[in-house]
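Q: Quick one, upload_29.cif (mmCIF, C-alpha atoms):
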data_structure
#
loop_
_atom_site.label_atom_id
_atom_site.label_comp_id
_atom_site.auth_asym_id
_atom_site.auth_seq_id
_atom_site.Cartn_x
_atom_site.Cartn_y
_atom_site.Cartn_z
CA MET S 1 254.46 35.70 180.05
CA HIS S 2 258.22 35.68 180.50
CA PHE S 3 259.31 36.63 184.06
CA GLY S 4 261.42 39.51 182.78
CA LYS S 5 258.42 41.05 181.01
CA LEU S 6 256.30 40.67 184.16
CA LEU S 7 258.99 42.34 186.25
CA TRP S 8 259.38 45.16 183.72
CA ARG S 9 255.62 45.79 183.59
CA GLY S 10 255.50 45.85 187.39
CA LEU S 11 258.36 48.37 187.57
CA ILE S 12 256.68 50.62 185.00
CA PHE S 13 253.42 50.51 186.95
CA LEU S 14 255.15 51.38 190.25
CA TRP S 15 256.92 54.28 188.51
CA MET S 16 253.59 55.56 187.22
CA CYS S 17 252.08 55.43 190.73
CA SER S 18 254.99 57.28 192.31
CA SER S 19 255.49 59.96 189.67
CA GLY S 20 253.56 62.70 187.97
CA HIS S 21 252.17 60.07 185.61
CA ALA S 22 250.04 58.78 188.49
CA GLN S 23 247.92 61.92 188.49
CA HIS S 24 244.65 61.64 186.58
CA ARG S 25 244.49 63.35 183.21
CA GLY S 26 241.78 65.87 182.56
CA ASP S 27 239.71 67.50 185.26
CA ASP S 28 237.48 64.89 186.85
CA SER S 29 237.60 66.59 190.26
CA MET S 30 234.21 67.60 191.66
CA ALA S 31 234.92 68.90 195.17
CA THR S 32 237.37 68.84 198.05
CA THR S 33 236.67 68.83 201.80
CA GLU S 34 238.94 68.74 204.83
CA TYR S 35 239.35 64.96 204.59
CA PHE S 36 238.20 63.94 201.08
CA GLU S 37 238.58 64.76 197.40
CA PHE S 38 235.69 63.73 195.14
CA HIS S 39 236.02 62.69 191.51
CA SER S 40 233.72 61.61 188.68
CA ASN S 41 236.06 59.74 186.38
CA TYR S 42 234.92 58.71 182.91
CA TRP S 43 236.88 55.46 182.64
CA ILE S 44 236.13 54.39 186.21
CA ASN S 45 232.42 54.88 185.53
CA LEU S 46 232.66 52.89 182.29
CA HIS S 47 234.57 50.12 184.09
CA HIS S 48 231.92 49.76 186.82
CA PHE S 49 229.11 50.03 184.26
CA LEU S 50 230.47 47.10 182.26
CA TYR S 51 231.30 45.10 185.39
CA GLN S 52 227.77 45.40 186.78
CA LYS S 53 226.08 44.78 183.44
CA ALA S 54 228.15 41.61 183.24
CA SER S 55 227.79 40.40 186.84
CA GLY S 56 224.54 41.92 188.16
CA SER S 57 225.88 41.62 191.71
CA GLN S 58 224.88 45.11 192.82
CA LEU S 59 221.33 44.76 191.53
CA ARG S 60 220.94 41.35 193.19
CA LYS S 61 222.00 42.81 196.55
CA LEU S 62 219.62 45.74 196.13
CA LYS S 63 216.75 43.37 195.40
CA GLU S 64 217.60 41.32 198.49
CA ASP S 65 217.11 44.52 200.50
CA GLY S 66 213.87 45.35 198.64
CA ASN S 67 215.41 48.10 196.50
CA GLN S 68 216.17 48.98 192.89
CA TYR S 69 218.58 51.32 191.14
CA LEU S 70 217.51 54.95 191.00
CA GLU S 71 215.72 55.77 187.75
CA ILE S 72 217.75 58.11 185.52
CA GLY S 73 216.47 57.02 182.11
CA GLU S 74 219.09 54.41 181.35
CA ASP S 75 216.59 51.77 180.23
CA LYS S 76 215.01 54.19 177.75
CA VAL S 77 218.43 55.04 176.34
CA GLN S 78 219.18 51.33 175.96
CA LEU S 79 216.10 50.96 173.75
CA THR S 80 217.31 53.71 171.40
CA LEU S 81 220.66 52.06 170.60
CA SER S 82 221.31 51.22 167.00
CA ALA S 83 221.97 47.60 166.11
CA ALA S 84 225.66 48.39 165.71
CA ASP S 85 225.91 50.14 169.09
CA GLU S 86 223.97 47.34 170.77
CA LYS S 87 226.39 44.80 169.30
CA THR S 88 229.41 46.80 170.47
CA LEU S 89 228.03 47.10 173.99
CA SER S 90 227.14 43.40 174.12
CA GLU S 91 230.66 42.47 173.03
CA ALA S 92 232.16 44.59 175.81
CA ILE S 93 229.83 43.10 178.42
CA SER S 94 230.65 39.60 177.17
CA TYR S 95 234.35 40.34 177.52
CA TYR S 96 233.79 41.45 181.12
CA LYS S 97 231.81 38.26 181.79
CA GLU S 98 234.59 36.10 180.38
CA SER S 99 237.67 37.94 181.64
CA ILE S 100 236.92 40.49 184.37
CA ILE S 101 234.06 39.64 186.74
CA SER S 102 235.83 36.53 188.06
CA LYS S 103 238.10 39.06 189.75
CA SER S 104 237.01 41.00 192.83
CA LEU S 105 236.64 44.76 192.49
CA LEU S 106 237.90 45.09 196.06
CA PHE S 107 240.85 42.71 196.06
CA ASP S 108 241.95 41.94 192.51
CA LEU S 109 241.52 44.89 190.15
CA GLY S 110 243.58 47.58 191.87
CA GLN S 111 246.19 48.08 189.17
CA GLU S 112 243.52 48.24 186.49
CA ARG S 113 241.65 50.93 188.48
CA VAL S 114 244.71 53.12 188.84
CA TRP S 115 245.56 52.64 185.16
CA LEU S 116 242.03 53.64 184.15
CA GLN S 117 242.16 56.74 186.34
CA GLN S 118 245.18 57.90 184.37
CA ARG S 119 243.49 57.71 180.97
CA GLU S 120 242.11 60.88 179.42
CA ALA S 121 238.31 60.98 179.28
CA GLY S 122 236.88 59.97 175.92
CA VAL S 123 240.30 59.73 174.26
CA ARG S 124 241.37 56.54 172.50
CA ILE S 125 243.79 54.47 174.61
CA SER S 126 247.07 53.40 173.06
CA ASP S 127 248.51 51.76 176.20
CA THR S 128 248.14 47.96 176.13
CA THR S 129 249.57 47.33 179.62
CA PHE S 130 246.87 44.83 180.57
CA SER S 131 246.35 43.31 177.10
CA LYS S 132 245.70 44.48 173.59
CA ARG S 133 242.29 42.82 173.75
CA TYR S 134 241.24 44.81 176.84
CA THR S 135 242.43 48.07 175.32
CA ASP S 136 240.61 47.31 172.06
CA ILE S 137 237.36 46.54 173.92
CA LEU S 138 237.52 49.82 175.84
CA ASN S 139 238.31 51.82 172.71
CA LYS S 140 235.47 50.24 170.77
CA VAL S 141 232.79 50.62 173.46
CA GLY S 142 233.98 54.08 174.56
CA PRO S 143 232.10 56.08 171.89
CA VAL S 144 228.88 54.18 172.64
CA TYR S 145 229.22 54.88 176.35
CA SER S 146 230.21 58.52 175.74
CA LYS S 147 227.20 59.20 173.57
CA HIS S 148 224.47 57.33 175.39
CA PHE S 149 225.33 56.59 179.03
CA TRP S 150 228.10 58.84 180.32
CA PRO S 151 225.96 62.04 180.16
CA LEU S 152 223.39 60.35 182.41
CA HIS S 153 226.00 59.00 184.81
CA GLU S 154 228.00 62.21 185.01
CA LYS S 155 224.85 64.21 185.73
CA GLN S 156 223.73 61.74 188.41
CA ASN S 157 227.14 61.76 190.10
CA ALA S 158 227.11 65.56 190.25
CA ALA S 159 223.53 65.71 191.54
CA ILE S 160 224.19 63.27 194.39
CA LEU S 161 227.37 65.00 195.49
CA LYS S 162 225.66 68.41 195.37
CA LEU S 163 222.92 66.99 197.60
CA GLN S 164 225.26 65.41 200.16
CA LEU S 165 228.36 67.62 200.17
CA PRO S 166 227.07 70.23 202.67
CA SER S 167 226.43 67.52 205.27
CA ILE S 168 229.80 65.88 204.68
CA LYS S 169 231.56 69.21 205.17
CA ARG S 170 229.48 69.97 208.24
CA PHE S 171 229.97 66.68 210.07
CA GLU S 172 233.24 65.21 208.87
CA ARG S 173 235.58 66.81 211.42
CA THR S 174 233.44 65.91 214.44
CA VAL S 175 232.85 62.34 213.29
CA ILE S 176 236.44 61.68 212.20
CA THR S 177 237.72 63.08 215.51
CA LYS S 178 235.45 60.64 217.37
CA MET S 179 236.63 57.77 215.18
CA GLU S 180 240.26 58.68 215.89
CA GLY S 181 239.50 58.28 219.59
CA PHE S 182 237.77 54.93 219.14
CA ALA S 183 240.53 53.62 216.84
CA MET S 184 243.31 55.07 219.03
CA LYS S 185 244.97 56.43 215.90
CA LYS S 186 245.25 59.83 214.24
CA TRP S 187 244.25 60.59 210.66
CA PRO S 188 247.43 61.30 208.61
CA VAL S 189 247.58 65.11 208.56
CA THR S 190 248.50 65.37 204.87
CA THR S 191 245.98 62.82 203.62
CA LYS S 192 242.84 63.59 201.66
CA VAL S 193 241.15 60.34 200.71
CA ARG S 194 240.17 60.04 197.06
CA VAL S 195 236.48 59.26 196.54
CA ASP S 196 235.32 58.15 193.09
CA VAL S 197 231.59 58.73 192.67
CA SER S 198 230.45 56.20 190.08
CA ALA S 199 226.99 55.35 188.79
CA TYR S 200 227.73 51.71 189.65
CA ALA S 201 230.12 50.24 192.20
CA ASN S 202 230.50 46.75 193.69
CA TYR S 203 227.72 44.51 195.03
CA ALA S 204 227.50 46.54 198.27
CA GLY S 205 227.29 49.90 196.50
CA ALA S 206 230.54 51.13 198.04
CA TYR S 207 233.99 49.69 198.69
CA THR S 208 237.44 50.83 199.73
CA PRO S 209 240.52 49.05 198.42
CA THR S 210 243.79 49.89 200.15
CA ARG S 211 246.10 48.69 197.37
CA PRO S 212 247.77 49.95 195.33
CA ARG S 213 246.35 53.02 197.09
CA PHE S 214 243.55 53.87 199.47
CA ASN S 215 240.51 54.86 197.40
CA ILE S 216 236.77 54.96 198.11
CA PHE S 217 234.28 54.03 195.37
CA ILE S 218 230.59 54.76 195.89
CA SER S 219 227.52 54.30 193.70
CA SER S 220 225.26 57.23 192.82
CA LEU S 221 222.53 54.87 191.58
CA ASP S 222 222.11 53.13 194.92
CA PRO S 223 218.89 54.55 196.43
CA SER S 224 220.72 55.17 199.71
CA SER S 225 222.77 57.83 197.89
CA GLU S 226 219.76 60.16 198.13
CA LYS S 227 219.60 59.68 201.90
CA LYS S 228 221.97 60.54 204.72
CA ASP S 229 223.23 56.96 204.44
CA PHE S 230 225.58 58.43 201.83
CA VAL S 231 227.18 60.63 204.50
CA GLU S 232 227.61 57.69 206.89
CA THR S 233 229.04 55.55 204.09
CA ILE S 234 231.68 58.11 203.16
CA LEU S 235 232.71 58.62 206.78
CA HIS S 236 232.65 54.87 207.44
CA GLU S 237 234.75 54.06 204.39
CA GLY S 238 237.16 56.86 205.24
CA SER S 239 237.50 55.47 208.77
CA HIS S 240 239.02 52.31 207.32
CA LEU S 241 242.16 54.43 207.24
CA LEU S 242 242.05 54.47 211.06
CA PHE S 243 240.89 50.87 211.61
CA ASN S 244 243.59 49.52 209.32
CA TYR S 245 245.33 46.18 209.41
CA GLY S 246 248.14 46.38 211.96
CA GLY S 247 246.57 49.39 213.68
CA PRO S 248 245.81 49.59 217.43
CA PHE S 249 242.15 48.55 217.21
CA ARG S 250 242.60 45.39 215.15
CA GLU S 251 245.86 44.40 216.81
CA GLY S 252 244.22 44.98 220.18
CA ILE S 253 241.44 42.52 219.36
CA ALA S 254 244.01 39.89 218.34
CA LEU S 255 246.02 40.39 221.52
CA ILE S 256 243.02 40.10 223.85
CA PHE S 257 241.72 37.09 221.91
CA ASP S 258 245.07 35.31 222.43
CA GLN S 259 245.16 36.24 226.12
CA LYS S 260 241.69 34.86 226.74
CA LYS S 261 242.50 31.54 225.01
CA LEU S 262 238.96 31.21 223.76
CA GLU S 263 238.02 27.96 222.06
CA ILE S 264 236.24 29.64 219.17
CA PRO S 265 237.43 30.61 215.68
CA TYR S 266 239.08 34.00 215.53
CA PRO S 267 236.39 36.63 214.72
CA LYS S 268 238.01 38.11 211.62
CA GLN S 269 235.32 40.74 211.01
CA LEU S 270 234.66 41.83 214.60
CA TRP S 271 236.68 44.99 214.00
CA HIS S 272 234.60 45.82 210.92
CA ALA S 273 231.29 45.21 212.70
CA ALA S 274 232.51 47.47 215.52
CA LEU S 275 233.47 50.13 212.97
CA PHE S 276 229.96 50.00 211.50
CA TYR S 277 228.42 50.51 214.93
CA LEU S 278 230.76 53.24 216.18
CA CYS S 279 230.68 55.28 212.97
CA GLY S 280 226.93 54.76 212.62
CA ARG S 281 226.32 56.02 216.13
CA SER S 282 228.63 59.00 215.58
CA VAL S 283 226.82 60.04 212.40
CA GLN S 284 223.43 59.37 213.98
CA ASP S 285 224.20 61.65 216.92
CA GLU S 286 225.49 64.46 214.70
CA LEU S 287 222.46 64.24 212.42
CA GLN S 288 220.03 64.14 215.31
CA ASN S 289 221.72 67.14 216.91
CA ASN S 290 221.11 68.99 213.64
CA GLY S 291 217.47 68.14 213.13
CA TYR S 292 217.60 64.76 211.38
CA THR S 293 215.82 63.06 214.27
CA GLU S 294 214.59 60.01 212.34
CA TYR S 295 217.96 58.84 211.05
CA ARG S 296 218.73 55.16 211.57
CA MET S 297 222.29 53.99 211.11
CA ILE S 298 223.12 51.63 208.26
CA MET S 299 223.74 48.70 210.58
CA ASP S 300 220.05 48.90 211.56
CA THR S 301 218.61 49.35 208.07
CA ARG S 302 220.64 46.74 206.21
CA THR S 303 221.63 43.16 206.95
CA ILE S 304 225.25 43.74 207.93
CA PHE S 305 227.28 41.41 210.16
CA SER S 306 224.14 40.01 211.76
CA SER S 307 226.16 37.26 213.46
CA TYR S 308 228.01 39.92 215.45
CA ASN S 309 225.15 42.39 215.88
CA THR S 310 223.73 40.97 219.12
CA ARG S 311 222.45 42.53 222.33
CA VAL S 312 225.82 41.95 224.04
CA PHE S 313 227.70 43.45 221.08
CA ARG S 314 225.55 46.59 221.03
CA ALA S 315 225.55 47.05 224.81
CA GLY S 316 229.32 46.71 225.01
CA LEU S 317 230.03 49.08 222.14
CA GLU S 318 227.50 51.61 223.41
CA GLN S 319 229.38 51.78 226.70
CA TYR S 320 232.61 52.31 224.74
CA TYR S 321 230.92 54.92 222.56
CA GLN S 322 229.70 56.78 225.65
CA ASP S 323 233.25 56.61 227.13
CA LYS S 324 231.99 54.61 230.11
CA THR S 325 234.51 51.81 229.68
CA ASN S 326 237.89 51.27 228.05
CA PHE S 327 238.96 49.40 224.95
CA ASN S 328 240.27 46.28 226.70
CA ASN S 329 237.09 45.77 228.73
CA THR S 330 234.94 46.36 225.67
CA ILE S 331 236.73 43.82 223.51
CA ALA S 332 236.79 41.25 226.32
CA GLN S 333 233.03 41.66 226.66
CA LEU S 334 232.46 41.34 222.92
CA LEU S 335 234.62 38.22 222.69
CA ASP S 336 232.86 36.62 225.67
CA GLY S 337 229.57 37.36 223.95
CA LEU S 338 230.69 35.34 220.92
CA LYS S 339 230.96 32.19 223.03
#
Show me this structure written as structure tokens.

A:
Amino acid sequence: MHFGKLLWRGLIFLWMCSSGHAQHRGDDSMATTEYFEFHSNYWINLHHFLYQKASGSQLRKLKEDGNQYLEIGEDKVQLTLSAADEKTLSEAISYYKESIISKSLLFDLGQERVWLQQREAGVRISDTTFSKRYTDILNKVGPVYSKHFWPLHEKQNAAILKLQLPSIKRFERTVITKMEGFAMKKWPVTTKVRVDVSAYANYAGAYTPTRPRFNIFISSLDPSSEKKDFVETILHEGSHLLFNYGGPFREGIALIFDQKKLEIPYPKQLWHAALFYLCGRSVQDELQNNGYTEYRMIMDTRTIFSSYNTRVFRAGLEQYYQDKTNFNNTIAQLLDGLK
């Protein structure tokens, strides 16, 4: 594409994100809390549906952990499709296989996500910003999805949020306040993080891109969505806003690593492993204080950052969690443990 056209498309997209055009059309809002606003967006759900049908990455990860998608009747609906609808759906999935799933949901498809959020639910798209072929595929498969799958997905999204919303409202302030202390950074006072509840998400069942804007996506078909893991996941993903690149926690790790002159590769995900532990412990304590005595944090129920999750790592972070040591001593101990 000619450079001028690329520049023009980029300028139009930035204008959309900074103006009233960046607000989603239609009412896909489900609920608002002190820190979050929850949405069930038609096009976002269709996008993740096609992506996962094409890639299978979320199902593979679930099977690795001994799980399956929650049963909502989708397989039965699939069997009722007419030959024409089946062909249309297969064509859309094939397009995603050929053109979309090579791109990461987390890192590569941010502009497409924002663009999809701006489309009106169930209404034919005329905008060909990303290609006429992509727009045509979405328009063709849209009626099939609307008739057969969206009612199931929309109902599931609403049911999961109804189940988990009281706990999120009850615990979010206490947990976020703790995370502010651990991260040494305050939550932006005017910020409510957008959360898109989607039947499908990425391979992990939840992810939080920061560009072109901070946005949580979480799967309502992941079996953990029926458990308090959902609450921890929302608060963990939201805490990425505090443990951001360039923020005190991550910059502090880099500074101490340089000072210690360790002859090991830089631990790029140490901050993220620490976030999992600190948020998990915060949610665990709040749940246990309110009667959920058997709750185990996600870091203990799933295989997450096992190379970091050692006895030294847990002992050091537990001292930090209990406010028995400071940040510098904690990170020094964790880095020494990696040797």

Q: Apply the PyMOL selection byres ((chain S and resi 224) around 10) to the structure shown and report the selected residues as a list in words.

A: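 Here the PyMOL selection byres ((chain S and resi 224) around 10) matches Asn67, Tyr69, Leu70, Gly205, Ser219, Ser220, Leu221, Asp222, Pro223, Ser225, Glu226, Lys227, Lys228, Asp229, Phe230, Val231, Thr233 and Ile298 of chain S.
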
Q: Go ahead and save the picked residues with C-alpha atoms, as a tab-separated table (two decimals), in the frame of the given file.

A:
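The result, written out as selection_37.tsv:
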chain	number	residue	atom	x	y	z
S	67	ASN	CA	215.41	48.10	196.50
S	69	TYR	CA	218.58	51.32	191.14
S	70	LEU	CA	217.51	54.95	191.00
S	205	GLY	CA	227.29	49.90	196.50
S	219	SER	CA	227.52	54.30	193.70
S	220	SER	CA	225.26	57.23	192.82
S	221	LEU	CA	222.53	54.87	191.58
S	222	ASP	CA	222.11	53.13	194.92
S	223	PRO	CA	218.89	54.55	196.43
S	225	SER	CA	222.77	57.83	197.89
S	226	GLU	CA	219.76	60.16	198.13
S	227	LYS	CA	219.60	59.68	201.90
S	228	LYS	CA	221.97	60.54	204.72
S	229	ASP	CA	223.23	56.96	204.44
S	230	PHE	CA	225.58	58.43	201.83
S	231	VAL	CA	227.18	60.63	204.50
S	233	THR	CA	229.04	55.55	204.09
S	298	ILE	CA	223.12	51.63	208.26

Q: Using only C-alpha atoms, which of the listed residues (S:Thr128, S:Gln68, S:Ser94, S:Thr88) sits closest to S:Val144?

A: S:Thr88

Q: Take atom CA of S:His240 and atom CA of S:Val195 and report the distance between them in Å, one decimal.

A: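 Taking atom CA of S:His240 and atom CA of S:Val195, their separation equals 13.1 Å.
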
Q: Quick one: distance from atom CA of S:Phe243 to atom CA of S:Ala183 in Å, one decimal?

A: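 So the two atoms, atom CA of S:Phe243 and atom CA of S:Ala183, lie 5.9 Å apart.
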
Q: Near stretch 43-55 of chain S, counting only C-alpha atoms, which residues have an atom at most 7 Å away, once you skip same-chain residues fewer than 2 positions from it, shown as a VMD selection string?

A: chain S and resid 41 57 to 58 93 to 94 96 to 97 101 113 116 to 117 121 198 to 201

Q: Looking at S:Ser99, S:Gln111, S:Ser239, S:Gln78, which one is nearest to S:Tyr145, with distances taken over only C-alpha atoms?

A: S:Gln78

Q: For the file shown, what are the residues hit by the PyMOL selection byres ((chain S and resi 147-150) around 9), laid out as a PyMOL selection string?

A: chain S and resi 42+45-46+74+77-78+80-81+142-146+151-155

Q: Let me see the file: selected residues, C-alpha atoms, as an mmCIF file, keeping the file's coordinate frame.

A:
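Result file is out25.cif:
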data_model
loop_
_atom_site.group_PDB
_atom_site.id
_atom_site.type_symbol
_atom_site.label_atom_id
_atom_site.label_comp_id
_atom_site.auth_asym_id
_atom_site.auth_seq_id
_atom_site.Cartn_x
_atom_site.Cartn_y
_atom_site.Cartn_z
ATOM 1 C CA TYR S 42 234.920 58.710 182.910
ATOM 2 C CA ASN S 45 232.420 54.880 185.530
ATOM 3 C CA LEU S 46 232.660 52.890 182.290
ATOM 4 C CA GLU S 74 219.090 54.410 181.350
ATOM 5 C CA VAL S 77 218.430 55.040 176.340
ATOM 6 C CA GLN S 78 219.180 51.330 175.960
ATOM 7 C CA THR S 80 217.310 53.710 171.400
ATOM 8 C CA LEU S 81 220.660 52.060 170.600
ATOM 9 C CA GLY S 142 233.980 54.080 174.560
ATOM 10 C CA PRO S 143 232.100 56.080 171.890
ATOM 11 C CA VAL S 144 228.880 54.180 172.640
ATOM 12 C CA TYR S 145 229.220 54.880 176.350
ATOM 13 C CA SER S 146 230.210 58.520 175.740
ATOM 14 C CA PRO S 151 225.960 62.040 180.160
ATOM 15 C CA LEU S 152 223.390 60.350 182.410
ATOM 16 C CA HIS S 153 226.000 59.000 184.810
ATOM 17 C CA GLU S 154 228.000 62.210 185.010
ATOM 18 C CA LYS S 155 224.850 64.210 185.730
#

Q: Suppose you want the space between atom CA of S:Asn328 and atom CA of S:Leu278; what is it in Å?

A: 15.8 Å

Q: Please produce, as a tab-separated table, a per-residue contact table for stretch 138-195 of chain S versus stretch 290-294 of chain S (criterion: any atom at most 12 Å away, only C-alpha atoms considered), showing the nearest atom pair and its distance in Å to one decimal, sorted by chain then residue number.

A:
residue	atom	partner	partner_atom	distance
S:Ser167	CA	S:Asn290	CA	10.0
S:Arg170	CA	S:Asn290	CA	10.0
S:Phe171	CA	S:Asn290	CA	9.8

Q: Which residues, written as a JSON list (two decimals) with C-alpha atoms, in the frame of the given file, have at least one atom at most 12 Å from S:Glu112, with only C-alpha atoms counted and residues fewer than 2 positions away on the same chain left out?

A:
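Okay, this is what ended up in around13.json:
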[["chain", "number", "residue", "atom", "x", "y", "z"],
["S", 13, "PHE", "CA", 253.42, 50.51, 186.95],
["S", 17, "CYS", "CA", 252.08, 55.43, 190.73],
["S", 43, "TRP", "CA", 236.88, 55.46, 182.64],
["S", 44, "ILE", "CA", 236.13, 54.39, 186.21],
["S", 47, "HIS", "CA", 234.57, 50.12, 184.09],
["S", 48, "HIS", "CA", 231.92, 49.76, 186.82],
["S", 100, "ILE", "CA", 236.92, 40.49, 184.37],
["S", 103, "LYS", "CA", 238.10, 39.06, 189.75],
["S", 104, "SER", "CA", 237.01, 41.00, 192.83],
["S", 105, "LEU", "CA", 236.64, 44.76, 192.49],
["S", 106, "LEU", "CA", 237.90, 45.09, 196.06],
["S", 107, "PHE", "CA", 240.85, 42.71, 196.06],
["S", 108, "ASP", "CA", 241.95, 41.94, 192.51],
["S", 109, "LEU", "CA", 241.52, 44.89, 190.15],
["S", 110, "GLY", "CA", 243.58, 47.58, 191.87],
["S", 114, "VAL", "CA", 244.71, 53.12, 188.84],
["S", 115, "TRP", "CA", 245.56, 52.64, 185.16],
["S", 116, "LEU", "CA", 242.03, 53.64, 184.15],
["S", 117, "GLN", "CA", 242.16, 56.74, 186.34],
["S", 118, "GLN", "CA", 245.18, 57.90, 184.37],
["S", 119, "ARG", "CA", 243.49, 57.71, 180.97],
["S", 127, "ASP", "CA", 248.51, 51.76, 176.20],
["S", 128, "THR", "CA", 248.14, 47.96, 176.13],
["S", 129, "THR", "CA", 249.57, 47.33, 179.62],
["S", 130, "PHE", "CA", 246.87, 44.83, 180.57],
["S", 131, "SER", "CA", 246.35, 43.31, 177.10],
["S", 134, "TYR", "CA", 241.24, 44.81, 176.84],
["S", 135, "THR", "CA", 242.43, 48.07, 175.32],
["S", 211, "ARG", "CA", 246.10, 48.69, 197.37],
["S", 212, "PRO", "CA", 247.77, 49.95, 195.33],
["S", 213, "ARG", "CA", 246.35, 53.02, 197.09]]

Q: Edge lengths and centre, in Å to one decimal, as JSON: that's what I need for the box along x, y and z that holds all listed atoms of stretch 150-158 of chain S plus 4 Å on each side.

A:
{"center_x": 225.7, "center_y": 62.2, "center_z": 185.2, "size_x": 12.7, "size_y": 14.7, "size_z": 18.1}

Q: Which residues, protein or nucleic acid, reach to within 6 Å of (231.4, 60.6, 214.2) in the file's coordinates when using only C-alpha atoms, and can you give that as a list of chain:residue names?

A: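 Applying the cut-off with only C-alpha atoms, one gets S:Thr174, S:Val175, S:Ile176, S:Lys178, S:Cys279, S:Ser282, S:Val283.
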
Q: Could you give me, as a Markdown table, every stretch 135-191 of chain S residue with an atom at most 9 Å from stretch 30-38 of chain S, plus its closest atom pair and distance in Å to one decimal, counting all atoms listed in the file, rows ordered by chain then number?

A:
| residue | atom | partner | partner_atom | distance |
| --- | --- | --- | --- | --- |
| S:Ala158 | CA | S:Met30 | CA | 7.5 |
| S:Leu161 | CA | S:Met30 | CA | 8.3 |
| S:Leu165 | CA | S:Ala31 | CA | 8.3 |
| S:Ile168 | CA | S:Thr33 | CA | 8.0 |
| S:Lys169 | CA | S:Thr33 | CA | 6.1 |
| S:Glu172 | CA | S:Tyr35 | CA | 7.5 |
| S:Arg173 | CA | S:Glu34 | CA | 7.6 |
| S:Ile176 | CA | S:Tyr35 | CA | 8.8 |
| S:Trp187 | CA | S:Tyr35 | CA | 8.9 |
| S:Thr191 | CA | S:Tyr35 | CA | 7.0 |

Q: Just C-alpha atoms for this one: save the residues we selected as an mmCIF file, keeping the file's coordinate frame.

A:
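Written file, out23.cif:
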data_model
loop_
_atom_site.group_PDB
_atom_site.id
_atom_site.type_symbol
_atom_site.label_atom_id
_atom_site.label_comp_id
_atom_site.auth_asym_id
_atom_site.auth_seq_id
_atom_site.Cartn_x
_atom_site.Cartn_y
_atom_site.Cartn_z
ATOM 1 C CA ALA S 158 227.110 65.560 190.250
ATOM 2 C CA LEU S 161 227.370 65.000 195.490
ATOM 3 C CA LEU S 165 228.360 67.620 200.170
ATOM 4 C CA ILE S 168 229.800 65.880 204.680
ATOM 5 C CA LYS S 169 231.560 69.210 205.170
ATOM 6 C CA GLU S 172 233.240 65.210 208.870
ATOM 7 C CA ARG S 173 235.580 66.810 211.420
ATOM 8 C CA ILE S 176 236.440 61.680 212.200
ATOM 9 C CA TRP S 187 244.250 60.590 210.660
ATOM 10 C CA THR S 191 245.980 62.820 203.620
#

Q: Between S:Lys324, S:Lys63, S:Lys132, S:Arg311, single out the one closest to S:Leu338, counting all atoms listed in the file.

A: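 Nearest to S:Leu338: S:Arg311.
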
Q: Taking only C-alpha atoms into account, name the residue in S:Ala84, S:Glu120, S:Ile253, S:Leu62 that is nearest to S:Asp27.

A: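 Result for the nearest residue to S:Asp27: S:Glu120.
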
Q: Can you pull out every residue within 8 Å of S:Ile137, counting only C-alpha atoms, but drop anything in the same chain fewer than 3 positions away, and send it as a short mmCIF file (atom, residue, chain, number, x, y, z; two decimals) with C-alpha atoms, keeping the file's coordinate frame?

A:
data_model
loop_
_atom_site.label_atom_id
_atom_site.label_comp_id
_atom_site.auth_asym_id
_atom_site.auth_seq_id
_atom_site.Cartn_x
_atom_site.Cartn_y
_atom_site.Cartn_z
CA GLU S 91 230.66 42.47 173.03
CA ALA S 92 232.16 44.59 175.81
CA TYR S 95 234.35 40.34 177.52
CA ARG S 133 242.29 42.82 173.75
CA TYR S 134 241.24 44.81 176.84
CA LYS S 140 235.47 50.24 170.77
CA VAL S 141 232.79 50.62 173.46
#

Q: Restricting the calculation to all atoms listed in the file, which member of S:Leu335, S:Val193, S:Ile216, S:Ala204 is positioned closest to S:Glu263?

A: S:Leu335

Q: Residues within 12 Å of S:Glu251, please, as a PyMOL selection string. Count all atoms listed in the file; anything in the same chain fewer than 5 positions from it doesn't count.

A: chain S and resi 183-184+243-246+256-258+268+270-271+327-328+331

Q: Of the candidates S:Lys260, S:Arg314, S:Lys87, S:Lys339, which one gets nearest to S:Asp300 if we count only C-alpha atoms?

A: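 Closest residue, counting only C-alpha atoms: S:Arg314.
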